[in-house]
file protein_4.pdb (PDB, C-alpha atoms)
ATOM      1  CA  MET A  42     -22.431  27.605  -7.569
ATOM      2  CA  LYS A  43     -22.226  26.304 -11.132
ATOM      3  CA  PHE A  44     -19.253  24.207 -12.272
ATOM      4  CA  SER A  45     -17.497  24.427 -15.629
ATOM      5  CA  LYS A  46     -14.679  22.491 -17.234
ATOM      6  CA  LEU A  47     -11.504  24.287 -18.282
ATOM      7  CA  LEU A  48      -8.775  22.760 -20.411
ATOM      8  CA  ALA A  49      -5.288  23.978 -19.475
ATOM      9  CA  ALA A  50      -3.087  23.917 -22.589
ATOM     10  CA  THR A  51       0.015  23.232 -20.545
ATOM     11  CA  THR A  52      -1.534  20.273 -18.749
ATOM     12  CA  ALA A  53      -3.787  18.744 -21.399
ATOM     13  CA  ILE A  54      -6.276  17.670 -18.718
ATOM     14  CA  ALA A  55      -9.590  19.000 -17.547
ATOM     15  CA  ALA A  56      -9.740  21.384 -14.610
ATOM     16  CA  VAL A  57     -12.856  22.076 -12.599
ATOM     17  CA  SER A  58     -13.396  25.787 -11.968
ATOM     18  CA  LEU A  59     -15.838  27.031  -9.394
ATOM     19  CA  ALA A  60     -17.514  29.574 -11.634
ATOM     20  CA  GLY A  61     -18.449  33.043 -10.529
ATOM     21  CA  ALA A  62     -15.927  35.812 -10.271
ATOM     22  CA  ALA A  63     -14.400  36.418  -6.891
ATOM     23  CA  SER A  64     -15.409  39.603  -5.144
ATOM     24  CA  ALA A  65     -13.004  42.513  -4.812
ATOM     25  CA  GLU A  66     -12.023  41.067  -1.454
ATOM     26  CA  GLY A  67     -12.130  37.544  -2.854
ATOM     27  CA  MET A  68      -9.307  35.131  -3.468
ATOM     28  CA  LYS A  69      -8.497  32.784  -6.335
ATOM     29  CA  ILE A  70      -6.988  29.567  -5.017
ATOM     30  CA  GLY A  71      -5.584  26.859  -7.269
ATOM     31  CA  ILE A  72      -5.003  23.279  -6.209
ATOM     32  CA  THR A  73      -3.101  20.537  -8.037
ATOM     33  CA  GLN A  74      -3.719  17.105  -6.567
ATOM     34  CA  ASN A  75      -1.701  13.911  -6.713
ATOM     35  CA  ASN A  76      -3.938  11.300  -8.338
ATOM     36  CA  VAL A  77      -7.656  11.558  -7.649
ATOM     37  CA  GLY A  78      -8.592   8.313  -9.371
ATOM     38  CA  VAL A  79      -6.079   6.065  -7.605
ATOM     39  CA  ASP A  80      -8.066   5.547  -4.399
ATOM     40  CA  SER A  81     -11.238   6.553  -2.592
ATOM     41  CA  TYR A  82      -9.383   8.767  -0.088
ATOM     42  CA  GLN A  83      -8.263  11.144  -2.816
ATOM     43  CA  THR A  84     -11.660  11.051  -4.522
ATOM     44  CA  THR A  85     -13.371  11.980  -1.241
ATOM     45  CA  TYR A  86     -10.774  14.692  -0.574
ATOM     46  CA  GLU A  87     -11.481  16.360  -3.921
ATOM     47  CA  LYS A  88     -15.232  16.297  -3.366
ATOM     48  CA  ALA A  89     -14.844  17.788   0.123
ATOM     49  CA  PHE A  90     -12.469  20.479  -1.157
ATOM     50  CA  ILE A  91     -14.877  21.559  -3.887
ATOM     51  CA  GLU A  92     -17.795  21.610  -1.419
ATOM     52  CA  ALA A  93     -15.807  23.697   1.077
ATOM     53  CA  ALA A  94     -14.751  26.173  -1.618
ATOM     54  CA  ASP A  95     -18.289  26.312  -2.986
ATOM     55  CA  ALA A  96     -19.593  27.188   0.490
ATOM     56  CA  ASN A  97     -17.213  30.164   0.764
ATOM     57  CA  SER A  98     -18.409  33.092  -1.350
ATOM     58  CA  ASP A  99     -14.984  34.752  -1.122
ATOM     59  CA  VAL A 100     -13.211  31.828  -2.813
ATOM     60  CA  GLU A 101     -12.841  31.046  -6.492
ATOM     61  CA  ALA A 102     -11.109  27.677  -6.830
ATOM     62  CA  VAL A 103      -9.319  26.094  -9.760
ATOM     63  CA  VAL A 104      -9.145  22.350  -9.101
ATOM     64  CA  LEU A 105      -6.587  20.263 -11.017
ATOM     65  CA  ASP A 106      -5.460  16.642 -10.859
ATOM     66  CA  ALA A 107      -1.969  15.542 -11.910
ATOM     67  CA  GLY A 108      -3.038  11.936 -12.402
ATOM     68  CA  GLY A 109       0.101  10.755 -10.612
ATOM     69  CA  ASP A 110       2.314  12.363 -13.281
ATOM     70  CA  VAL A 111       5.125  14.578 -11.913
ATOM     71  CA  ALA A 112       5.653  16.396 -15.221
ATOM     72  CA  ARG A 113       1.959  17.132 -15.502
ATOM     73  CA  GLN A 114       1.857  18.515 -11.967
ATOM     74  CA  ILE A 115       4.831  20.794 -12.631
ATOM     75  CA  ALA A 116       3.059  22.062 -15.748
ATOM     76  CA  GLN A 117      -0.074  22.661 -13.700
ATOM     77  CA  ILE A 118       1.864  24.691 -11.125
ATOM     78  CA  GLN A 119       3.353  26.777 -13.921
ATOM     79  CA  ASP A 120      -0.114  27.266 -15.395
ATOM     80  CA  LEU A 121      -1.489  28.457 -12.040
ATOM     81  CA  ILE A 122       1.409  30.908 -11.763
ATOM     82  CA  GLN A 123       0.524  32.240 -15.234
ATOM     83  CA  GLN A 124      -3.101  32.600 -14.113
ATOM     84  CA  LYS A 125      -1.819  34.732 -11.215
ATOM     85  CA  VAL A 126      -3.855  32.898  -8.616
ATOM     86  CA  ASP A 127      -3.613  34.262  -5.087
ATOM     87  CA  ALA A 128      -2.442  30.966  -3.563
ATOM     88  CA  ILE A 129      -1.534  27.476  -4.743
ATOM     89  CA  ILE A 130      -2.272  24.277  -2.832
ATOM     90  CA  ILE A 131      -0.164  21.289  -3.893
ATOM     91  CA  TRP A 132      -0.628  17.609  -3.063
ATOM     92  CA  PRO A 133       2.804  16.546  -4.363
ATOM     93  CA  THR A 134       3.166  13.619  -6.717
ATOM     94  CA  ASN A 135       6.819  13.643  -5.666
ATOM     95  CA  GLY A 136       7.979  15.839  -2.792
ATOM     96  CA  LYS A 137      11.425  16.405  -4.289
ATOM     97  CA  ALA A 138      10.586  16.864  -7.959
ATOM     98  CA  VAL A 139       8.137  19.714  -7.372
ATOM     99  CA  VAL A 140      10.623  21.887  -5.441
ATOM    100  CA  PRO A 141      11.818  23.993  -8.439
ATOM    101  CA  ALA A 142       8.215  24.766  -9.456
ATOM    102  CA  VAL A 143       7.309  25.677  -5.878
ATOM    103  CA  ARG A 144      10.307  28.011  -5.794
ATOM    104  CA  LYS A 145       9.034  29.730  -8.957
ATOM    105  CA  ALA A 146       5.640  30.262  -7.332
ATOM    106  CA  GLN A 147       7.285  31.769  -4.271
ATOM    107  CA  GLN A 148       9.399  34.060  -6.461
ATOM    108  CA  ALA A 149       6.192  35.177  -8.197
ATOM    109  CA  GLY A 150       4.807  36.210  -4.818
ATOM    110  CA  ILE A 151       2.264  33.385  -4.663
ATOM    111  CA  PRO A 152       2.096  31.561  -1.305
ATOM    112  CA  VAL A 153       2.182  27.771  -1.571
ATOM    113  CA  ILE A 154       0.413  25.450   0.850
ATOM    114  CA  ILE A 155       1.435  21.799   0.701
ATOM    115  CA  THR A 156      -1.367  19.388   1.557
ATOM    116  CA  ASN A 157      -1.438  15.783   2.828
ATOM    117  CA  SER A 158       2.057  14.705   1.757
ATOM    118  CA  ASN A 159       4.918  17.047   2.569
ATOM    119  CA  ILE A 160       7.502  18.541   0.264
ATOM    120  CA  ALA A 161      11.156  17.474   0.508
ATOM    121  CA  ALA A 162      13.222  19.241   3.171
ATOM    122  CA  GLU A 163      14.989  21.469   0.635
ATOM    123  CA  GLY A 164      11.635  22.904  -0.437
ATOM    124  CA  MET A 165      10.385  23.893   3.014
ATOM    125  CA  GLU A 166      11.813  27.415   2.754
ATOM    126  CA  PHE A 167       9.653  28.112  -0.311
ATOM    127  CA  ILE A 168       6.263  27.204   1.199
ATOM    128  CA  ALA A 169       3.937  29.185   3.436
ATOM    129  CA  ALA A 170       2.688  26.121   5.323
ATOM    130  CA  PHE A 171       1.999  22.404   5.309
ATOM    131  CA  SER A 172      -1.475  21.128   6.163
ATOM    132  CA  GLY A 173      -2.147  17.443   6.782
ATOM    133  CA  PRO A 174      -1.338  14.415   8.893
ATOM    134  CA  ASP A 175       1.996  13.689  10.553
ATOM    135  CA  ASN A 176       2.903  10.608   8.541
ATOM    136  CA  ILE A 177       5.918   9.747  10.706
ATOM    137  CA  THR A 178       3.619   9.616  13.735
ATOM    138  CA  GLN A 179       1.110   7.513  11.834
ATOM    139  CA  GLY A 180       3.789   4.971  10.967
ATOM    140  CA  ALA A 181       5.052   4.957  14.558
ATOM    141  CA  ARG A 182       1.562   4.364  15.942
ATOM    142  CA  SER A 183       1.074   1.514  13.486
ATOM    143  CA  ALA A 184       4.307  -0.021  14.786
ATOM    144  CA  GLU A 185       2.956   0.177  18.332
ATOM    145  CA  LEU A 186      -0.186  -1.638  17.187
ATOM    146  CA  MET A 187       1.991  -4.328  15.598
ATOM    147  CA  CYS A 188       3.961  -4.784  18.815
ATOM    148  CA  GLU A 189       0.687  -5.147  20.680
ATOM    149  CA  ALA A 190      -0.810  -7.580  18.170
ATOM    150  CA  LEU A 191       2.253  -9.856  18.157
ATOM    151  CA  SER A 192       3.089  -9.578  21.880
ATOM    152  CA  ASN A 193       6.466  -8.072  20.875
ATOM    153  CA  LYS A 194       7.764 -11.031  18.866
ATOM    154  CA  GLY A 195       7.370 -12.229  15.276
ATOM    155  CA  GLU A 196       8.125 -11.784  11.592
ATOM    156  CA  VAL A 197       6.308  -9.241   9.435
ATOM    157  CA  VAL A 198       6.175  -8.114   5.829
ATOM    158  CA  GLN A 199       5.548  -4.557   4.714
ATOM    159  CA  ILE A 200       3.461  -3.300   1.791
ATOM    160  CA  SER A 201       4.593   0.269   1.242
ATOM    161  CA  GLY A 202       3.039   3.037  -0.840
ATOM    162  CA  GLN A 203       4.200   4.563  -4.090
ATOM    163  CA  PRO A 204       8.031   4.750  -4.302
ATOM    164  CA  GLY A 205       9.381   8.290  -4.078
ATOM    165  CA  TYR A 206       6.128   9.606  -2.620
ATOM    166  CA  THR A 207       6.724  11.483   0.640
ATOM    167  CA  THR A 208       3.767   9.947   2.490
ATOM    168  CA  ALA A 209       4.980   6.437   1.643
ATOM    169  CA  ILE A 210       8.543   7.260   2.698
ATOM    170  CA  GLU A 211       7.473   8.822   5.991
ATOM    171  CA  ARG A 212       4.985   6.125   6.972
ATOM    172  CA  GLN A 213       7.611   3.470   6.272
ATOM    173  CA  LYS A 214      10.257   5.347   8.243
ATOM    174  CA  GLY A 215       7.936   5.980  11.179
ATOM    175  CA  PHE A 216       6.983   2.310  11.303
ATOM    176  CA  GLU A 217      10.498   0.929  10.969
ATOM    177  CA  ASP A 218      12.085   3.311  13.483
ATOM    178  CA  ARG A 219       9.419   2.823  16.128
ATOM    179  CA  LEU A 220       9.261  -0.956  15.615
ATOM    180  CA  ALA A 221      13.027  -1.267  16.206
ATOM    181  CA  GLU A 222      12.695   0.827  19.342
ATOM    182  CA  ALA A 223       9.489  -0.578  20.841
ATOM    183  CA  CYS A 224       9.753  -4.284  20.003
ATOM    184  CA  PRO A 225      13.126  -5.247  18.470
ATOM    185  CA  ASP A 226      12.113  -8.919  18.398
ATOM    186  CA  VAL A 227       9.560  -8.152  15.701
ATOM    187  CA  LYS A 228      11.512  -8.359  12.441
ATOM    188  CA  ILE A 229      10.612  -7.040   8.989
ATOM    189  CA  ILE A 230      11.556  -9.807   6.577
ATOM    190  CA  GLU A 231      10.665  -7.993   3.314
ATOM    191  CA  THR A 232       9.139  -4.779   1.956
ATOM    192  CA  GLN A 233       7.493  -4.324  -1.448
ATOM    193  CA  PRO A 234       5.452  -1.397  -2.823
ATOM    194  CA  GLY A 235       1.726  -1.724  -3.340
ATOM    195  CA  ASP A 236       1.426   1.740  -4.940
ATOM    196  CA  TRP A 237      -1.750   2.528  -2.911
ATOM    197  CA  ASN A 238      -3.556  -0.042  -5.080
ATOM    198  CA  ARG A 239      -5.561  -2.936  -3.612
ATOM    199  CA  GLU A 240      -5.163  -5.284  -6.563
ATOM    200  CA  LYS A 241      -1.398  -4.800  -6.796
ATOM    201  CA  SER A 242      -1.086  -5.229  -3.033
ATOM    202  CA  GLN A 243      -2.966  -8.501  -3.271
ATOM    203  CA  ARG A 244      -0.440  -9.716  -5.837
ATOM    204  CA  VAL A 245       2.442  -8.551  -3.617
ATOM    205  CA  MET A 246       0.966 -10.498  -0.707
ATOM    206  CA  GLU A 247       0.476 -13.595  -2.866
ATOM    207  CA  ALA A 248       4.203 -13.501  -3.623
ATOM    208  CA  PHE A 249       5.034 -13.077   0.071
ATOM    209  CA  LEU A 250       2.853 -16.071   0.973
ATOM    210  CA  THR A 251       4.572 -18.215  -1.651
ATOM    211  CA  LYS A 252       8.022 -17.176  -0.475
ATOM    212  CA  TYR A 253       7.559 -17.343   3.311
ATOM    213  CA  ASP A 254       6.092 -20.231   5.289
ATOM    214  CA  ASN A 255       5.706 -18.035   8.351
ATOM    215  CA  ILE A 256       4.290 -14.507   8.362
ATOM    216  CA  ASP A 257       2.978 -13.188  11.667
ATOM    217  CA  GLY A 258       2.008  -9.687  10.628
ATOM    218  CA  VAL A 259       1.480  -7.379   7.672
ATOM    219  CA  TYR A 260       1.953  -3.608   7.793
ATOM    220  CA  ALA A 261       0.457  -1.622   4.922
ATOM    221  CA  GLY A 262       0.772   2.097   4.212
ATOM    222  CA  ASP A 263      -3.031   2.297   4.142
ATOM    223  CA  ASP A 264      -6.012  -0.025   4.590
ATOM    224  CA  ASN A 265      -6.724  -0.150   0.862
ATOM    225  CA  MET A 266      -3.427  -2.016   0.410
ATOM    226  CA  GLY A 267      -3.826  -3.863   3.700
ATOM    227  CA  VAL A 268      -7.159  -5.338   2.648
ATOM    228  CA  GLY A 269      -5.559  -6.399  -0.634
ATOM    229  CA  GLY A 270      -3.067  -8.340   1.475
ATOM    230  CA  LEU A 271      -5.874  -9.721   3.637
ATOM    231  CA  ASN A 272      -7.748 -10.943   0.558
ATOM    232  CA  ALA A 273      -4.647 -12.825  -0.609
ATOM    233  CA  ALA A 274      -4.204 -14.471   2.791
ATOM    234  CA  LYS A 275      -7.864 -15.510   2.922
ATOM    235  CA  ALA A 276      -7.678 -16.976  -0.586
ATOM    236  CA  ALA A 277      -4.577 -18.954   0.391
ATOM    237  CA  GLY A 278      -6.131 -20.181   3.625
ATOM    238  CA  ARG A 279      -3.410 -18.536   5.717
ATOM    239  CA  THR A 280      -4.817 -17.547   9.094
ATOM    240  CA  GLY A 281      -3.421 -15.992  12.257
ATOM    241  CA  ILE A 282      -1.798 -13.024  10.512
ATOM    242  CA  ALA A 283      -2.183  -9.567  12.096
ATOM    243  CA  PHE A 284      -3.014  -6.901   9.515
ATOM    244  CA  ILE A 285      -2.298  -3.274  10.370
ATOM    245  CA  GLY A 286      -2.661  -0.159   8.224
ATOM    246  CA  ALA A 287      -1.664   3.483   8.549
ATOM    247  CA  THR A 288      -4.909   5.073   7.329
ATOM    248  CA  ASN A 289      -8.296   3.536   8.077
ATOM    249  CA  PHE A 290     -10.500   2.978   5.005
ATOM    250  CA  ALA A 291     -14.103   1.735   5.073
ATOM    251  CA  VAL A 292     -12.951  -1.722   3.942
ATOM    252  CA  GLY A 293     -10.465  -1.823   6.824
ATOM    253  CA  TYR A 294     -13.117  -0.666   9.279
ATOM    254  CA  GLU A 295     -15.442  -3.441   8.093
ATOM    255  CA  ALA A 296     -12.697  -6.092   8.266
ATOM    256  CA  MET A 297     -11.849  -4.855  11.759
ATOM    257  CA  GLY A 298     -15.470  -5.382  12.775
ATOM    258  CA  ARG A 299     -15.256  -8.963  11.521
ATOM    259  CA  GLY A 300     -12.094  -9.542  13.526
ATOM    260  CA  GLU A 301      -9.981 -10.042  10.380
ATOM    261  CA  TYR A 302      -7.997  -6.794  10.639
ATOM    262  CA  TYR A 303      -6.203  -5.830  13.840
ATOM    263  CA  GLY A 304      -5.869  -2.066  13.656
ATOM    264  CA  SER A 305      -5.139   1.136  11.785
ATOM    265  CA  ILE A 306      -4.847   4.913  12.112
ATOM    266  CA  TYR A 307      -7.939   7.075  11.784
ATOM    267  CA  GLN A 308      -7.656   9.892   9.243
ATOM    268  CA  SER A 309     -10.402  11.887   7.536
ATOM    269  CA  PRO A 310     -10.004  13.113   3.928
ATOM    270  CA  VAL A 311     -12.808  15.599   4.598
ATOM    271  CA  ASP A 312     -10.862  17.149   7.493
ATOM    272  CA  ASP A 313      -7.732  17.015   5.325
ATOM    273  CA  ALA A 314      -9.354  18.959   2.475
ATOM    274  CA  LYS A 315     -11.051  21.529   4.699
ATOM    275  CA  ALA A 316      -7.830  22.124   6.639
ATOM    276  CA  ALA A 317      -5.873  22.759   3.423
ATOM    277  CA  LEU A 318      -8.388  25.289   2.124
ATOM    278  CA  GLN A 319      -8.645  27.051   5.490
ATOM    279  CA  THR A 320      -4.855  27.224   5.763
ATOM    280  CA  ALA A 321      -4.706  28.942   2.356
ATOM    281  CA  ILE A 322      -7.448  31.364   3.371
ATOM    282  CA  ASP A 323      -5.681  32.153   6.653
ATOM    283  CA  VAL A 324      -2.362  32.764   4.879
ATOM    284  CA  LEU A 325      -4.017  35.118   2.393
ATOM    285  CA  GLY A 326      -5.810  36.845   5.267
ATOM    286  CA  GLY A 327      -2.511  37.637   6.930
ATOM    287  CA  LYS A 328      -3.089  35.374   9.912
ATOM    288  CA  GLU A 329      -0.159  33.802  11.720
ATOM    289  CA  VAL A 330      -0.090  30.187  10.555
ATOM    290  CA  PRO A 331       2.242  27.469  11.903
ATOM    291  CA  LYS A 332       4.610  26.095   9.289
ATOM    292  CA  LEU A 333       3.399  22.572  10.054
ATOM    293  CA  ASN A 334      -0.362  22.274  10.563
ATOM    294  CA  TYR A 335      -0.957  18.683  11.682
ATOM    295  CA  PHE A 336      -4.340  17.261  12.614
ATOM    296  CA  ASP A 337      -4.553  14.328  15.024
ATOM    297  CA  THR A 338      -4.700  10.760  13.708
ATOM    298  CA  PRO A 339      -5.461   8.335  16.573
ATOM    299  CA  LYS A 340      -5.151   4.558  16.692
ATOM    300  CA  ILE A 341      -8.243   2.498  15.908
ATOM    301  CA  THR A 342      -8.786  -1.209  16.706
ATOM    302  CA  GLN A 343     -11.788  -3.446  17.241
ATOM    303  CA  LYS A 344     -11.695  -2.419  20.914
ATOM    304  CA  ASN A 345     -12.417   1.262  20.269
ATOM    305  CA  MET A 346     -13.824   1.350  16.724
ATOM    306  CA  ASN A 347     -17.306   2.204  17.993
ATOM    307  CA  GLU A 348     -15.896   5.578  19.055
ATOM    308  CA  PHE A 349     -15.202   6.406  15.394
ATOM    309  CA  THR A 350     -17.531   6.938  12.447
ATOM    310  CA  LYS A 351     -17.029   4.471   9.612
ATOM    311  CA  PRO A 352     -14.864   6.174   6.957
ATOM    312  CA  VAL A 353     -16.730   7.389   3.895
ATOM    313  CA  PHE A 354     -13.928   6.328   1.560
TER     314      PHE A 354
END
call {"tool": "encode", "arguments": {"input": "protein_4.pdb", "output": "structure tokens"}}
result
Amino acid sequence: MKFSKLLAATTAIAAVSLAGAASAEGMKIGITQNNVGVDSYQTTYEKAFIEAADANSDVEAVVLDAGGDVARQIAQIQDLIQQKVDAIIIWPTNGKAVVPAVRKAQQAGIPVIITNSNIAAEGMEFIAAFSGPDNITQGARSAELMCEALSNKGEVVQISGQPGYTTAIERQKGFEDRLAEACPDVKIIETQPGDWNREKSQRVMEAFLTKYDNIDGVYAGDDNMGVGGLNAAKAAGRTGIAFIGATNFAVGYEAMGRGEYYGSIYQSPVDDAKAALQTAIDVLGGKEVPKLNYFDTPKITQKNMNEFTKPVF
């Protein structure tokens, strides 16, 4: 299927349209993503989504990227409503800020599927379904890995994701709640955002290392940030620190193989993208779809990493 670039006047950014009119039974599905360029997970997700839509002759997809800008994403949702798409998939830049736009889509009779990072609680009544990982569970499982790595005692720092972003909030909450429950003698001494960015996370970790003489563990909202922290520790000659992430990236997998990274949570952006598209198709097909469609995200450490394929992102 041939691709073409569309410029939405309300968004002022390029949109990729899977060309070729949908059949009479076909469906036009729009997606507005969070920030494709910020990390390799989101880049891989977009590629997988386009490939999955391309493979389905009944689907015409309009693929948009908000570039991390809440206002731009709201404008994109409004644009998709004006286009009268059959369904809208949203990877929220901010789970609370998008609620009014999601409500407008619902009022227009367009089902909304939230992908990867959930909408705020007050928006749940306006969506058809959520498709993605259970971020609370991911954070909790990371906490269990930290307890294991530190034998239930120590001091840790936390590099969280983008402030206000639901995934970051939930992974932090899941980690903190489970850590307090499972190993109360492991204390979080400070938390700073790394914004899903490796370079910024490295700078955050450099500041932690300057401020604290003793750091036993580092929890990061994903391996991209975690490896940024690891790079800072290696540069400073600080050893013996357990690094744990909440989504396994290729760089984390490789560091795990070298024994430099203790563990993470395995999550596939390809599965994530395919699940979102299939959820939209099922909703439009009138199938009964659970409100919360979670896919499993197991723990991964050096002990069991050979059971998992190296991430492609």
call {"tool": "resolve_selection", "arguments": {"input": "protein_4.pdb", "expression": "the PyMOL selection byres ((chain A and resi 223) around 12)", "output": "number ranges by chain"}}
result
A: 181-189, 192-194, 215-222, 224-228
call {"tool": "axis_aligned_box", "arguments": {"input": "protein_4.pdb", "around": "segment 327-334 of chain A", "padding_each_side": "3 Å", "output": "lines of an AutoDock Vina configuration file"}}
result
center_x = 0.8
center_y = 30.0
center_z = 9.4
size_x = 13.7
size_y = 21.4
size_z = 11.0
call {"tool": "resolve_selection", "arguments": {"input": "protein_4.pdb", "expression": "the PyMOL selection byres ((chain A and resi 176) around 8)", "output": "ChimeraX atom specification"}}
result
/A:158,174-175,177-180,208,211-212,215
call {"tool": "resolve_selection", "arguments": {"input": "protein_4.pdb", "expression": "the PyMOL selection byres ((chain A and resi 234-240) around 9)", "output": "list of chain:residue names"}}
result
A:Val79, A:Asp80, A:Gln199, A:Ile200, A:Ser201, A:Gly202, A:Gln203, A:Pro204, A:Ala209, A:Thr232, A:Gln233, A:Lys241, A:Ser242, A:Gln243, A:Arg244, A:Val245, A:Ala261, A:Gly262, A:Asp263, A:Asp264, A:Asn265, A:Met266, A:Gly267, A:Val268, A:Gly269, A:Gly270
call {"tool": "atom_distance", "arguments": {"input": "protein_4.pdb", "atom1": "atom CA of Asn76 of chain A", "atom2": "atom CA of Ile155 of chain A"}}
result
14.9 Å
call {"tool": "closest_residue", "arguments": {"input": "protein_4.pdb", "among": "A:Ala146, A:Val311, A:Ala107, A:Val197", "to": "Thr73 of chain A", "atoms": "all atoms listed in the file"}}
result
A:Ala107
call {"tool": "atom_distance", "arguments": {"input": "protein_4.pdb", "atom1": "atom CA of Asp337 of chain A", "atom2": "atom CA of Glu166 of chain A"}}
result
24.3 Å
call {"tool": "decode", "arguments": {"input": "protein_4.pdb", "residues": "segment 101-114 of chain A", "atoms": "N, CA and C atoms", "output": "tab-separated table (two decimals), in the first residue's frame"}}
result
chain	number	residue	atom	x	y	z
A	101	GLU	N	-8.24	1.79	6.72
A	101	GLU	CA	-7.55	2.99	6.25
A	101	GLU	C	-7.13	3.74	7.51
A	102	ALA	N	-5.84	3.99	7.66
A	102	ALA	CA	-5.34	4.59	8.90
A	102	ALA	C	-4.76	5.97	8.66
A	103	VAL	N	-5.08	6.87	9.56
A	103	VAL	CA	-4.49	8.21	9.56
A	103	VAL	C	-3.60	8.27	10.80
A	104	VAL	N	-2.29	8.38	10.59
A	104	VAL	CA	-1.32	8.27	11.67
A	104	VAL	C	-0.70	9.63	11.98
A	105	LEU	N	-0.94	10.12	13.20
A	105	LEU	CA	-0.47	11.44	13.63
A	105	LEU	C	0.44	11.32	14.84
A	106	ASP	N	1.28	12.31	15.02
A	106	ASP	CA	2.19	12.36	16.17
A	106	ASP	C	2.09	13.74	16.81
A	107	ALA	N	1.81	13.78	18.11
A	107	ALA	CA	1.66	15.06	18.80
A	107	ALA	C	2.99	15.70	19.17
A	108	GLY	N	4.07	14.96	19.03
A	108	GLY	CA	5.38	15.53	19.36
A	108	GLY	C	5.51	15.94	20.81
A	109	GLY	N	4.75	15.28	21.69
A	109	GLY	CA	4.81	15.59	23.12
A	109	GLY	C	4.05	16.84	23.52
A	110	ASP	N	3.33	17.44	22.59
A	110	ASP	CA	2.63	18.71	22.81
A	110	ASP	C	1.14	18.44	23.05
A	111	VAL	N	0.65	18.75	24.25
A	111	VAL	CA	-0.75	18.49	24.60
A	111	VAL	C	-1.70	19.26	23.68
A	112	ALA	N	-1.42	20.54	23.47
A	112	ALA	CA	-2.29	21.36	22.62
A	112	ALA	C	-2.36	20.80	21.21
A	113	ARG	N	-1.24	20.36	20.69
A	113	ARG	CA	-1.22	19.78	19.36
A	113	ARG	C	-2.04	18.50	19.31
A	114	GLN	N	-1.94	17.68	20.34
A	114	GLN	CA	-2.72	16.44	20.35
A	114	GLN	C	-4.22	16.72	20.41
